[in-house]
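Asker: Structure file work11.txt (compact mmCIF, N, CA and C atoms) right here:
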# COMPACT_ATOMS: atom_id res chain seq x y z
N MET A 1 20.89 6.91 -28.96
CA MET A 1 20.25 6.78 -27.68
C MET A 1 21.10 5.87 -26.80
N SER A 2 21.29 6.22 -25.54
CA SER A 2 22.14 5.44 -24.65
C SER A 2 21.35 4.36 -23.94
N GLU A 3 22.07 3.37 -23.43
CA GLU A 3 21.45 2.31 -22.63
C GLU A 3 20.99 2.91 -21.31
N THR A 4 20.24 2.13 -20.53
CA THR A 4 19.81 2.63 -19.23
C THR A 4 21.03 2.84 -18.35
N GLN A 5 20.95 3.86 -17.53
CA GLN A 5 22.07 4.19 -16.68
C GLN A 5 22.12 3.26 -15.48
N GLY A 6 23.31 3.12 -14.91
CA GLY A 6 23.47 2.35 -13.69
C GLY A 6 23.01 3.16 -12.50
N PRO A 7 23.22 2.64 -11.30
CA PRO A 7 22.79 3.37 -10.11
C PRO A 7 23.48 4.73 -10.00
N ILE A 8 22.70 5.71 -9.60
CA ILE A 8 23.24 7.05 -9.41
C ILE A 8 23.77 7.13 -7.99
N PRO A 9 25.02 7.54 -7.82
CA PRO A 9 25.55 7.67 -6.45
C PRO A 9 24.71 8.66 -5.65
N ARG A 10 24.48 8.34 -4.39
CA ARG A 10 23.67 9.21 -3.53
C ARG A 10 24.24 10.62 -3.46
N SER A 11 25.57 10.73 -3.53
CA SER A 11 26.21 12.05 -3.45
C SER A 11 25.86 12.93 -4.65
N LYS A 12 25.44 12.32 -5.76
CA LYS A 12 25.09 13.08 -6.96
C LYS A 12 23.61 13.46 -6.99
N MET A 13 22.83 12.92 -6.06
CA MET A 13 21.40 13.20 -6.04
C MET A 13 21.10 14.45 -5.22
N ALA A 14 20.12 15.19 -5.70
CA ALA A 14 19.62 16.33 -4.92
C ALA A 14 18.81 15.79 -3.76
N GLN A 15 18.69 16.58 -2.70
CA GLN A 15 17.97 16.12 -1.51
C GLN A 15 16.53 15.77 -1.83
N ARG A 16 15.88 16.54 -2.72
CA ARG A 16 14.48 16.27 -3.06
C ARG A 16 14.32 14.93 -3.78
N GLU A 17 15.42 14.39 -4.30
CA GLU A 17 15.40 13.07 -4.93
C GLU A 17 15.84 12.02 -3.92
N ARG A 18 16.84 12.33 -3.16
CA ARG A 18 17.41 11.38 -2.21
C ARG A 18 16.42 11.02 -1.09
N GLU A 19 15.72 12.01 -0.58
CA GLU A 19 14.82 11.80 0.56
C GLU A 19 13.70 10.80 0.27
N PRO A 20 12.92 10.96 -0.81
CA PRO A 20 11.85 9.97 -1.05
C PRO A 20 12.39 8.58 -1.35
N ARG A 21 13.56 8.50 -2.01
CA ARG A 21 14.16 7.19 -2.28
C ARG A 21 14.55 6.50 -0.97
N SER A 22 15.11 7.25 -0.04
CA SER A 22 15.50 6.69 1.26
C SER A 22 14.28 6.23 2.04
N LYS A 23 13.23 7.06 2.04
CA LYS A 23 12.01 6.69 2.75
C LYS A 23 11.38 5.44 2.16
N LEU A 24 11.38 5.35 0.83
CA LEU A 24 10.82 4.18 0.16
C LEU A 24 11.62 2.92 0.49
N ALA A 25 12.94 3.02 0.44
CA ALA A 25 13.79 1.86 0.74
C ALA A 25 13.56 1.39 2.18
N LYS A 26 13.45 2.32 3.09
CA LYS A 26 13.22 1.97 4.50
C LYS A 26 11.85 1.31 4.66
N LEU A 27 10.84 1.90 4.05
CA LEU A 27 9.48 1.36 4.14
C LEU A 27 9.42 -0.07 3.61
N ILE A 28 10.03 -0.29 2.47
CA ILE A 28 9.99 -1.62 1.85
C ILE A 28 10.76 -2.65 2.67
N SER A 29 11.88 -2.25 3.25
CA SER A 29 12.71 -3.22 3.96
C SER A 29 12.25 -3.49 5.39
N GLU A 30 11.50 -2.58 5.99
CA GLU A 30 11.17 -2.72 7.40
C GLU A 30 9.72 -3.08 7.69
N ALA A 31 8.83 -2.96 6.74
CA ALA A 31 7.42 -3.15 7.04
C ALA A 31 6.71 -3.96 5.96
N GLY A 32 5.59 -4.55 6.34
CA GLY A 32 4.76 -5.25 5.38
C GLY A 32 4.04 -4.26 4.50
N ILE A 33 3.77 -4.67 3.27
CA ILE A 33 3.06 -3.82 2.32
C ILE A 33 1.97 -4.67 1.68
N LEU A 34 0.77 -4.14 1.67
CA LEU A 34 -0.37 -4.91 1.19
C LEU A 34 -1.26 -4.01 0.34
N ARG A 35 -1.49 -4.41 -0.91
CA ARG A 35 -2.35 -3.65 -1.81
C ARG A 35 -3.78 -4.16 -1.66
N GLY A 36 -4.67 -3.26 -1.34
CA GLY A 36 -6.07 -3.63 -1.20
C GLY A 36 -6.87 -2.51 -0.58
N THR A 37 -8.18 -2.71 -0.55
CA THR A 37 -9.10 -1.74 0.04
C THR A 37 -9.81 -2.42 1.19
N LEU A 38 -9.88 -1.74 2.32
CA LEU A 38 -10.53 -2.29 3.49
C LEU A 38 -11.96 -1.77 3.59
N SER A 39 -12.86 -2.66 4.00
CA SER A 39 -14.24 -2.23 4.23
C SER A 39 -14.82 -3.05 5.38
N THR A 40 -15.70 -2.39 6.14
CA THR A 40 -16.36 -3.06 7.25
C THR A 40 -17.76 -3.44 6.82
N ARG A 41 -18.14 -4.66 7.14
CA ARG A 41 -19.49 -5.13 6.81
C ARG A 41 -20.12 -5.74 8.05
N ALA A 42 -21.41 -5.84 8.01
CA ALA A 42 -22.14 -6.50 9.09
C ALA A 42 -22.42 -7.93 8.68
N ARG A 43 -22.20 -8.87 9.61
CA ARG A 43 -22.43 -10.28 9.28
C ARG A 43 -23.00 -11.03 10.47
N THR A 44 -23.52 -12.18 10.19
CA THR A 44 -24.04 -13.03 11.26
C THR A 44 -23.05 -14.15 11.52
N CYS A 45 -23.01 -14.61 12.76
CA CYS A 45 -22.06 -15.66 13.12
C CYS A 45 -22.64 -17.06 12.95
N GLY A 46 -23.96 -17.17 12.91
CA GLY A 46 -24.58 -18.48 12.70
C GLY A 46 -25.14 -19.12 13.96
N LYS A 47 -24.83 -18.57 15.13
CA LYS A 47 -25.37 -19.11 16.37
C LYS A 47 -26.83 -18.66 16.51
N PRO A 48 -27.75 -19.60 16.68
CA PRO A 48 -29.17 -19.22 16.73
C PRO A 48 -29.55 -18.35 17.93
N THR A 49 -28.78 -18.39 19.01
CA THR A 49 -29.11 -17.60 20.20
C THR A 49 -28.37 -16.26 20.26
N CYS A 50 -27.54 -15.98 19.29
CA CYS A 50 -26.75 -14.75 19.28
C CYS A 50 -27.63 -13.56 18.91
N LYS A 51 -27.20 -12.38 19.35
CA LYS A 51 -27.93 -11.15 19.02
C LYS A 51 -27.99 -10.90 17.52
N CYS A 52 -27.01 -11.44 16.76
CA CYS A 52 -27.00 -11.22 15.31
C CYS A 52 -28.14 -11.96 14.62
N ALA A 53 -28.64 -13.01 15.24
CA ALA A 53 -29.77 -13.74 14.67
C ALA A 53 -31.04 -12.89 14.72
N LYS A 54 -31.05 -11.90 15.62
CA LYS A 54 -32.21 -11.01 15.75
C LYS A 54 -32.02 -9.70 14.99
N GLY A 55 -30.92 -9.59 14.25
CA GLY A 55 -30.72 -8.41 13.41
C GLY A 55 -29.55 -7.53 13.80
N GLU A 56 -29.01 -7.67 15.01
CA GLU A 56 -27.87 -6.85 15.45
C GLU A 56 -26.58 -7.56 15.04
N LYS A 57 -26.17 -7.31 13.81
CA LYS A 57 -25.05 -8.07 13.23
C LYS A 57 -23.69 -7.62 13.75
N HIS A 58 -22.70 -8.50 13.59
CA HIS A 58 -21.33 -8.25 14.03
C HIS A 58 -20.56 -7.50 12.94
N PRO A 59 -19.75 -6.49 13.33
CA PRO A 59 -18.91 -5.83 12.32
C PRO A 59 -17.75 -6.75 11.95
N ALA A 60 -17.44 -6.81 10.67
CA ALA A 60 -16.34 -7.64 10.19
C ALA A 60 -15.54 -6.85 9.14
N LEU A 61 -14.23 -7.00 9.17
CA LEU A 61 -13.36 -6.30 8.23
C LEU A 61 -13.00 -7.22 7.07
N TYR A 62 -13.11 -6.70 5.86
CA TYR A 62 -12.73 -7.44 4.65
C TYR A 62 -11.75 -6.60 3.85
N MET A 63 -10.86 -7.27 3.17
CA MET A 63 -9.94 -6.61 2.26
C MET A 63 -10.31 -7.06 0.85
N THR A 64 -10.47 -6.10 -0.04
CA THR A 64 -10.77 -6.38 -1.44
C THR A 64 -9.54 -6.03 -2.26
N PHE A 65 -9.20 -6.91 -3.21
CA PHE A 65 -8.04 -6.68 -4.07
C PHE A 65 -8.27 -7.36 -5.40
N SER A 66 -7.56 -6.90 -6.41
CA SER A 66 -7.65 -7.55 -7.72
C SER A 66 -6.36 -8.32 -7.98
N GLU A 67 -6.54 -9.45 -8.64
CA GLU A 67 -5.40 -10.31 -8.97
C GLU A 67 -5.73 -11.03 -10.28
N GLU A 68 -4.85 -10.88 -11.25
CA GLU A 68 -5.04 -11.48 -12.56
C GLU A 68 -6.40 -11.13 -13.17
N GLY A 69 -6.80 -9.87 -12.99
CA GLY A 69 -8.03 -9.37 -13.57
C GLY A 69 -9.30 -9.73 -12.82
N LYS A 70 -9.18 -10.40 -11.69
CA LYS A 70 -10.36 -10.80 -10.90
C LYS A 70 -10.32 -10.12 -9.54
N TYR A 71 -11.49 -9.73 -9.07
CA TYR A 71 -11.59 -9.15 -7.74
C TYR A 71 -11.80 -10.24 -6.71
N ASN A 72 -11.10 -10.09 -5.60
CA ASN A 72 -11.17 -11.07 -4.52
C ASN A 72 -11.46 -10.36 -3.21
N GLN A 73 -12.03 -11.11 -2.28
CA GLN A 73 -12.27 -10.60 -0.94
C GLN A 73 -11.58 -11.52 0.04
N LEU A 74 -11.07 -10.93 1.09
CA LEU A 74 -10.39 -11.71 2.12
C LEU A 74 -10.87 -11.22 3.47
N PHE A 75 -11.41 -12.13 4.27
CA PHE A 75 -11.84 -11.78 5.62
C PHE A 75 -10.60 -11.53 6.47
N VAL A 76 -10.61 -10.46 7.25
CA VAL A 76 -9.49 -10.12 8.13
C VAL A 76 -9.91 -10.42 9.57
N PRO A 77 -9.30 -11.42 10.19
CA PRO A 77 -9.66 -11.74 11.58
C PRO A 77 -9.36 -10.56 12.50
N LYS A 78 -10.14 -10.44 13.55
CA LYS A 78 -10.03 -9.31 14.47
C LYS A 78 -8.62 -9.15 15.01
N ASP A 79 -7.92 -10.24 15.31
CA ASP A 79 -6.58 -10.14 15.88
C ASP A 79 -5.53 -9.67 14.87
N LEU A 80 -5.88 -9.62 13.58
CA LEU A 80 -4.95 -9.15 12.55
C LEU A 80 -5.32 -7.78 11.98
N GLU A 81 -6.43 -7.21 12.44
CA GLU A 81 -6.90 -5.94 11.88
C GLU A 81 -5.86 -4.84 11.95
N GLU A 82 -5.20 -4.68 13.08
CA GLU A 82 -4.24 -3.58 13.24
C GLU A 82 -3.07 -3.71 12.27
N VAL A 83 -2.53 -4.91 12.16
CA VAL A 83 -1.38 -5.10 11.26
C VAL A 83 -1.79 -4.96 9.80
N VAL A 84 -2.97 -5.46 9.44
CA VAL A 84 -3.44 -5.35 8.06
C VAL A 84 -3.69 -3.89 7.70
N ARG A 85 -4.29 -3.13 8.61
CA ARG A 85 -4.50 -1.70 8.36
C ARG A 85 -3.16 -0.98 8.14
N ALA A 86 -2.16 -1.33 8.94
CA ALA A 86 -0.84 -0.71 8.80
C ALA A 86 -0.21 -1.08 7.46
N TRP A 87 -0.32 -2.33 7.05
CA TRP A 87 0.27 -2.75 5.78
C TRP A 87 -0.41 -2.09 4.59
N VAL A 88 -1.72 -1.94 4.64
CA VAL A 88 -2.44 -1.24 3.56
C VAL A 88 -2.02 0.22 3.52
N SER A 89 -1.87 0.83 4.69
CA SER A 89 -1.40 2.21 4.76
C SER A 89 0.02 2.33 4.20
N ASN A 90 0.88 1.36 4.48
CA ASN A 90 2.25 1.37 3.96
C ASN A 90 2.26 1.30 2.44
N HIS A 91 1.33 0.55 1.87
CA HIS A 91 1.26 0.46 0.41
C HIS A 91 0.93 1.83 -0.19
N GLN A 92 0.01 2.54 0.44
CA GLN A 92 -0.34 3.88 -0.06
C GLN A 92 0.84 4.83 0.08
N LYS A 93 1.56 4.74 1.20
CA LYS A 93 2.75 5.58 1.39
C LYS A 93 3.79 5.27 0.32
N ALA A 94 3.99 3.99 0.01
CA ALA A 94 4.96 3.60 -1.02
C ALA A 94 4.54 4.16 -2.38
N ARG A 95 3.25 4.09 -2.70
CA ARG A 95 2.76 4.64 -3.96
C ARG A 95 3.00 6.14 -4.03
N ASP A 96 2.76 6.84 -2.91
CA ASP A 96 2.98 8.29 -2.88
C ASP A 96 4.46 8.62 -3.08
N LEU A 97 5.35 7.84 -2.46
CA LEU A 97 6.79 8.07 -2.62
C LEU A 97 7.24 7.79 -4.05
N LEU A 98 6.73 6.73 -4.65
CA LEU A 98 7.05 6.44 -6.04
C LEU A 98 6.59 7.57 -6.96
N GLU A 99 5.44 8.11 -6.68
CA GLU A 99 4.94 9.23 -7.48
C GLU A 99 5.84 10.45 -7.33
N GLU A 100 6.32 10.69 -6.13
CA GLU A 100 7.23 11.82 -5.88
C GLU A 100 8.54 11.62 -6.65
N ILE A 101 9.07 10.41 -6.63
CA ILE A 101 10.31 10.10 -7.36
C ILE A 101 10.08 10.26 -8.86
N SER A 102 8.94 9.81 -9.33
CA SER A 102 8.61 9.92 -10.75
C SER A 102 8.51 11.38 -11.17
N ARG A 103 7.95 12.21 -10.32
CA ARG A 103 7.83 13.64 -10.61
C ARG A 103 9.22 14.27 -10.77
N VAL A 104 10.15 13.92 -9.89
CA VAL A 104 11.52 14.44 -9.96
C VAL A 104 12.17 13.97 -11.27
N ASP A 105 11.97 12.70 -11.63
CA ASP A 105 12.58 12.18 -12.85
C ASP A 105 11.98 12.82 -14.10
N ARG A 106 10.68 13.12 -14.07
CA ARG A 106 10.07 13.83 -15.21
C ARG A 106 10.69 15.21 -15.37
N GLU A 107 10.92 15.88 -14.24
CA GLU A 107 11.55 17.20 -14.29
C GLU A 107 12.96 17.11 -14.88
N LYS A 108 13.67 16.05 -14.57
CA LYS A 108 15.02 15.85 -15.15
C LYS A 108 14.94 15.75 -16.66
N ILE A 109 13.94 15.04 -17.15
CA ILE A 109 13.78 14.90 -18.60
C ILE A 109 13.46 16.26 -19.22
N GLU A 110 12.53 17.00 -18.59
CA GLU A 110 12.17 18.31 -19.11
C GLU A 110 13.37 19.24 -19.17
N LYS A 111 14.25 19.17 -18.17
CA LYS A 111 15.44 20.02 -18.12
C LYS A 111 16.64 19.39 -18.82
N ARG A 112 16.43 18.21 -19.36
CA ARG A 112 17.48 17.47 -20.06
C ARG A 112 18.70 17.24 -19.16
N GLU A 113 18.44 16.83 -17.93
CA GLU A 113 19.50 16.59 -16.94
C GLU A 113 19.74 15.10 -16.70
N VAL A 114 19.25 14.27 -17.56
CA VAL A 114 19.35 12.82 -17.35
C VAL A 114 20.76 12.32 -17.45
Rewrite the coordinates I just gave you, this time as structure tokens.
Answerer:
Amino acid sequence: MSETQGPIPRSKMAQREREPRSKLAKLISEAGILRGTLSTRARTCGKPTCKCAKGEKHPALYMTFSEEGKYNQLFVPKDLEEVVRAWVSNHQKARDLLEEISRVDREKIEKREV
């Protein structure tokens, strides 16, 4: 059995392999990536004269994630919602690209082209 191979030159890669690797590299180097699930909840602000004290609660965004086997919640301030949504979306895109690369590599093993 041979040791792990070094980097494969881009010229030796098929386009179906090269394209997802390029997209993944670009995504990782240019954008934030955040693993988590977003959910909107209703909450009260605590002001006794606010409409939320009478039952009309404020929408709030939370991100849920697991770390070291524990689930955590993180409140996302309104001014960060757009960037956090984009980063969570980028994480899903990265996972999809990794899955695509993995599929190509599995096919290489099946065809014994490693």
Asker: Could you give me, as a ChimeraX atom specification, the residues within 8 Å of A:Thr44, counting only C-alpha atoms and dropping anything in the same chain fewer than 5 positions from it?
Answerer: /A:52-53,57-58
Asker: Tell me, as a list in words, which residues lie within 8 Å of A:Leu98, counting all atoms listed in the file; anything in the same chain fewer than 4 positions away does not count.
Answerer: Pro20, Arg21, Leu24, Gln92, Lys93, Ala94, Ser102, Arg103 and Val104 of chain A
Asker: Can you measure atom CA of A:Phe65 to atom CA of A:Asp79 for me? One decimal in Å is fine.
Answerer: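 About the pair atom CA of A:Phe65 and atom CA of A:Asp79: they are 20.3 Å apart.
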Asker: Apply DSSP to the structure's backbone, then extract all residues of chain A labelled strand (DSSP E or B) and return them as a PyMOL selection string.
Answerer: chain A and resi 37-43+58-67+70-76
Asker: When distances are computed from all atoms listed in the file, which of A:Ser22, A:Thr40, A:Glu81, A:Lys111 shows the smallest separation from A:Ala60?
Answerer: A:Thr40
Asker: Can you tell me which residues surround A:Pro77 at a distance of at most 10 Å, considering only C-alpha atoms, apart from same-chain residues fewer than 3 positions away, and format the answer as a ChimeraX atom specification?
Answerer: /A:60-62,74,80-82,84
Asker: Go ahead and compute the interatomic distance for atom CA of A:Ala14 and atom CA of A:Arg95, in Å to one decimal.
Answerer: 20.5 Å
Asker: Given only C-alpha atoms as the basis, pick out the residue of A:Glu100, A:Cys45, A:Asn90, A:Arg112 nearest to A:Glu30.
Answerer: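 Nearest to A:Glu30: A:Asn90.
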Asker: Take atom N of A:Glu56 and atom C of A:Arg41 and report the distance between them in Å, one decimal.
Answerer: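 Atom C of A:Arg41 lies at a distance of 11.5 Å from atom N of A:Glu56.
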Asker: Select, from A:Thr64, A:Lys23, A:Glu110, A:Gly36, the residue with the minimum atom-to-atom distance to A:Ser89, counting all atoms listed in the file.
Answerer: A:Gly36
Asker: Got a sec to tell me which of stretch 52-83 of chain A DSSP assigns to helix (DSSP H, G or I), as an MDAnalysis selection string?
Answerer: chainID A and resid 52:54 78:83
